[in-house]
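**Student:** Just passing along the structure, written as structure tokens.
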Amino acid sequence: MKSIPGIEKLTAILTTEQLEKLDRSAQRHIEMSNMSFKILSATERNLEIEVVQNETKSGRYATEATLTSRTKELFGKFLPDTELNISAVAYSPSPASVVTTAWLEQKMQQKGVRIKQIAFQTGIDKQAISDWVTGKKSMSQLVKAMFYFYLSS
């Protein structure tokens with residue numbers, strides 16, 4: 001049982017079989033929607049759960065309301081008489097995720113910025129910047145963030 005951090009807090013409330021079923025169900029949510037659950041506290045009457053959705057391959061994300069309802073469905077099957085207090089954290093993409101070579105070219109043209117100027121102001125090698133701008137070299141998330149904040153101000 002590794003899918004739900006804090007699941008051991010339910011050992012006094014659920015049977016081993018129920019815990020295993022709950023864990024398997026949570027594992028399916030992780031695989032399908034990249035949702036993770038964490039049990040923060042548990043009593044027979046109250047259960048405090050945090051649900052978080054991280055980045056998915058499909059690019060489709062649930063709202064906080066949807067995350068809350070899916071968590072209620074999952075845990076409600078096993079704990080029907082328990083009040084569920086759910087803290088949902090929906091995925092929020094990084095603003096830097098918009099940075100592509102086309103975006104760079106457009107922003108540089110709009111602002112009248114040249115590669116040489118970026119190199120001088122950032123201290124980064126001119127050839128490295130050129131390789132990122134032309135697409136010869138892929139950009140890490142850190143590089144995308146640097147370009148995003150440099151060209152968005």
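Ordering of the structure tokens sets the chain letters (A, B, ...), residue numbers begin anew at 1 in every chain, and ligands are numbered from 1 in the order given.
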Per residue of segment 16-111 of chain A within 10 Å of segment 122-141 of chain A, which atom pair is closest and at what distance in Å (one decimal), using only C-alpha atoms, listed by chain and increasing number, as a Markdown table?

**Tutor:**
| residue | atom | partner | partner_atom | distance |
| --- | --- | --- | --- | --- |
| A:Ser94 | CA | A:Gln141 | CA | 9.1 |
| A:Ala96 | CA | A:Gln141 | CA | 7.4 |
| A:Ser97 | CA | A:Gln141 | CA | 7.8 |
| A:Val99 | CA | A:Met139 | CA | 8.9 |
| A:Thr100 | CA | A:Val133 | CA | 8.3 |
| A:Thr101 | CA | A:Val133 | CA | 5.4 |
| A:Ala102 | CA | A:Val133 | CA | 8.3 |
| A:Trp103 | CA | A:Val133 | CA | 9.3 |
| A:Leu104 | CA | A:Val133 | CA | 6.4 |
| A:Glu105 | CA | A:Val133 | CA | 7.0 |
| A:Met108 | CA | A:Val133 | CA | 9.6 |

**Student:** Restrict the selected residues to N, CA and C atoms and save them as a PDB file, in the first residue's frame.

**Tutor:**
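Below you can see part_7.pdb, which holds the result:
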ATOM      1  N   SER A  94       2.610  26.261 -15.572  1.00  0.00           N
ATOM      2  CA  SER A  94       3.614  27.310 -15.420  1.00  0.00           C
ATOM      3  C   SER A  94       3.428  28.340 -16.531  1.00  0.00           C
ATOM      4  N   ALA A  96       5.626  29.893 -17.959  1.00  0.00           N
ATOM      5  CA  ALA A  96       6.732  29.698 -18.899  1.00  0.00           C
ATOM      6  C   ALA A  96       6.458  28.592 -19.910  1.00  0.00           C
ATOM      7  N   SER A  97       5.387  27.830 -19.723  1.00  0.00           N
ATOM      8  CA  SER A  97       5.098  26.734 -20.654  1.00  0.00           C
ATOM      9  C   SER A  97       4.710  27.242 -22.046  1.00  0.00           C
ATOM     10  N   VAL A  99       6.474  29.293 -23.753  1.00  0.00           N
ATOM     11  CA  VAL A  99       7.710  29.641 -24.464  1.00  0.00           C
ATOM     12  C   VAL A  99       8.085  28.545 -25.462  1.00  0.00           C
ATOM     13  N   THR A 100       8.099  28.936 -26.727  1.00  0.00           N
ATOM     14  CA  THR A 100       8.553  28.083 -27.829  1.00  0.00           C
ATOM     15  C   THR A 100       9.481  28.941 -28.684  1.00  0.00           C
ATOM     16  N   THR A 101      10.087  28.348 -29.690  1.00  0.00           N
ATOM     17  CA  THR A 101      10.953  29.144 -30.563  1.00  0.00           C
ATOM     18  C   THR A 101      10.135  30.214 -31.289  1.00  0.00           C
ATOM     19  N   ALA A 102       8.919  29.879 -31.703  1.00  0.00           N
ATOM     20  CA  ALA A 102       8.059  30.858 -32.382  1.00  0.00           C
ATOM     21  C   ALA A 102       7.706  32.008 -31.439  1.00  0.00           C
ATOM     22  N   TRP A 103       7.396  31.673 -30.179  1.00  0.00           N
ATOM     23  CA  TRP A 103       7.068  32.697 -29.179  1.00  0.00           C
ATOM     24  C   TRP A 103       8.276  33.612 -28.968  1.00  0.00           C
ATOM     25  N   LEU A 104       9.477  33.011 -28.877  1.00  0.00           N
ATOM     26  CA  LEU A 104      10.702  33.797 -28.693  1.00  0.00           C
ATOM     27  C   LEU A 104      10.911  34.774 -29.846  1.00  0.00           C
ATOM     28  N   GLU A 105      10.792  34.275 -31.067  1.00  0.00           N
ATOM     29  CA  GLU A 105      10.989  35.125 -32.240  1.00  0.00           C
ATOM     30  C   GLU A 105       9.993  36.279 -32.251  1.00  0.00           C
ATOM     31  N   MET A 108      10.837  38.766 -29.348  1.00  0.00           N
ATOM     32  CA  MET A 108      12.079  39.487 -29.631  1.00  0.00           C
ATOM     33  C   MET A 108      11.839  40.547 -30.706  1.00  0.00           C
TER      34      MET A 108
END

**Student:** Using only C-alpha atoms, which residues sit within 10 Å of Ala12 of chain A once same-chain residues fewer than 6 positions away are excluded, as a list in words?

**Tutor:**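 Once the adjacent positions are removed, what remains is Ala42, Thr43 and Glu44 of chain A.
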
**Student:** With distances taken over only C-alpha atoms, which residue among A:Leu40, A:Val51, A:Ile7, A:Met32 lies nearest Ser87 of chain A?

**Tutor:**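 Once distances to Ser87 of chain A are computed over only C-alpha atoms, the minimum belongs to A:Val51.
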
**Student:** If you run DSSP over the backbone, which residues in segment 9-82 of chain A end up alpha helix (DSSP H)? Put them as number ranges by chain.

**Tutor:** A: 16-33, 64-78

**Student:** Dump N, CA and C atoms for the selected residues as a short mmCIF file (atom, residue, chain, number, x, y, z; two decimals), in the first residue's frame?

**Tutor:**
data_model
loop_
_atom_site.label_atom_id
_atom_site.label_comp_id
_atom_site.auth_asym_id
_atom_site.auth_seq_id
_atom_site.Cartn_x
_atom_site.Cartn_y
_atom_site.Cartn_z
N THR A 16 -7.96 -4.79 6.40
CA THR A 16 -6.82 -4.86 5.49
C THR A 16 -7.30 -4.95 4.05
N GLU A 17 -8.35 -5.73 3.82
CA GLU A 17 -8.90 -5.89 2.48
C GLU A 17 -9.44 -4.55 1.95
N GLN A 18 -10.15 -3.81 2.79
CA GLN A 18 -10.67 -2.50 2.39
C GLN A 18 -9.53 -1.51 2.09
N LEU A 19 -8.51 -1.56 2.92
CA LEU A 19 -7.35 -0.68 2.69
C LEU A 19 -6.68 -0.99 1.36
N GLU A 20 -6.57 -2.27 1.03
CA GLU A 20 -5.95 -2.67 -0.24
C GLU A 20 -6.80 -2.22 -1.42
N LYS A 21 -8.13 -2.36 -1.31
CA LYS A 21 -9.03 -1.91 -2.38
C LYS A 21 -8.95 -0.40 -2.56
N LEU A 22 -8.93 0.32 -1.46
CA LEU A 22 -8.81 1.77 -1.50
C LEU A 22 -7.50 2.17 -2.16
N ASP A 23 -6.44 1.51 -1.81
CA ASP A 23 -5.12 1.79 -2.37
C ASP A 23 -5.10 1.52 -3.88
N ARG A 24 -5.69 0.41 -4.30
CA ARG A 24 -5.74 0.08 -5.74
C ARG A 24 -6.56 1.12 -6.51
N SER A 25 -7.67 1.54 -5.92
CA SER A 25 -8.51 2.56 -6.57
C SER A 25 -7.75 3.88 -6.69
N ALA A 26 -7.04 4.25 -5.66
CA ALA A 26 -6.24 5.47 -5.70
C ALA A 26 -5.14 5.36 -6.76
N GLN A 27 -4.57 4.18 -6.89
CA GLN A 27 -3.53 3.95 -7.89
C GLN A 27 -4.08 4.19 -9.30
N ARG A 28 -5.32 3.78 -9.54
CA ARG A 28 -5.94 4.02 -10.85
C ARG A 28 -6.08 5.53 -11.12
N HIS A 29 -6.44 6.29 -10.10
CA HIS A 29 -6.55 7.75 -10.27
C HIS A 29 -5.18 8.35 -10.57
N ILE A 30 -4.15 7.83 -9.96
CA ILE A 30 -2.79 8.31 -10.22
C ILE A 30 -2.42 8.03 -11.68
N GLU A 31 -2.69 6.82 -12.14
CA GLU A 31 -2.32 6.42 -13.50
C GLU A 31 -3.13 7.15 -14.56
N MET A 32 -4.43 7.33 -14.32
CA MET A 32 -5.31 7.91 -15.32
C MET A 32 -5.30 9.44 -15.33
N SER A 33 -5.26 10.05 -14.16
CA SER A 33 -5.42 11.51 -14.08
C SER A 33 -4.30 12.22 -13.35
N GLU A 64 -11.19 22.16 -9.07
CA GLU A 64 -11.18 21.82 -7.65
C GLU A 64 -12.46 21.10 -7.26
N ALA A 65 -13.59 21.53 -7.84
CA ALA A 65 -14.88 20.88 -7.54
C ALA A 65 -14.87 19.43 -8.01
N THR A 66 -14.32 19.17 -9.18
CA THR A 66 -14.25 17.81 -9.71
C THR A 66 -13.31 16.95 -8.86
N LEU A 67 -12.18 17.50 -8.48
CA LEU A 67 -11.25 16.76 -7.62
C LEU A 67 -11.92 16.41 -6.30
N THR A 68 -12.67 17.34 -5.75
CA THR A 68 -13.38 17.10 -4.48
C THR A 68 -14.41 16.00 -4.65
N SER A 69 -15.20 16.04 -5.73
CA SER A 69 -16.24 15.02 -5.92
C SER A 69 -15.63 13.63 -6.16
N ARG A 70 -14.53 13.57 -6.91
CA ARG A 70 -13.88 12.27 -7.14
C ARG A 70 -13.30 11.70 -5.84
N THR A 71 -12.80 12.58 -5.00
CA THR A 71 -12.27 12.14 -3.70
C THR A 71 -13.39 11.63 -2.81
N LYS A 72 -14.53 12.33 -2.83
CA LYS A 72 -15.70 11.89 -2.05
C LYS A 72 -16.19 10.53 -2.54
N GLU A 73 -16.22 10.35 -3.87
CA GLU A 73 -16.63 9.06 -4.44
C GLU A 73 -15.70 7.94 -3.97
N LEU A 74 -14.41 8.18 -4.07
CA LEU A 74 -13.41 7.17 -3.72
C LEU A 74 -13.48 6.79 -2.25
N PHE A 75 -13.38 7.76 -1.37
CA PHE A 75 -13.33 7.48 0.06
C PHE A 75 -14.71 7.20 0.64
N GLY A 76 -15.76 7.77 0.04
CA GLY A 76 -17.12 7.57 0.52
C GLY A 76 -17.58 6.12 0.44
N LYS A 77 -17.06 5.38 -0.54
CA LYS A 77 -17.40 3.95 -0.67
C LYS A 77 -16.96 3.16 0.55
N PHE A 78 -15.83 3.53 1.08
CA PHE A 78 -15.25 2.79 2.20
C PHE A 78 -15.61 3.39 3.56
#

**Student:** May I ask which of the residues A:Ile13, A:Ile115, A:Met146, A:Met35 is the closest one to Gln53 of chain A, counting only C-alpha atoms?

**Tutor:**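 Selected residue with least distance to Gln53 of chain A: A:Met35.
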
**Student:** Given only C-alpha atoms as the basis, pick out the residue of A:Leu79, A:Leu10, A:Ala62, A:Ala145 nearest to Ser41 of chain A.

**Tutor:** A:Leu10
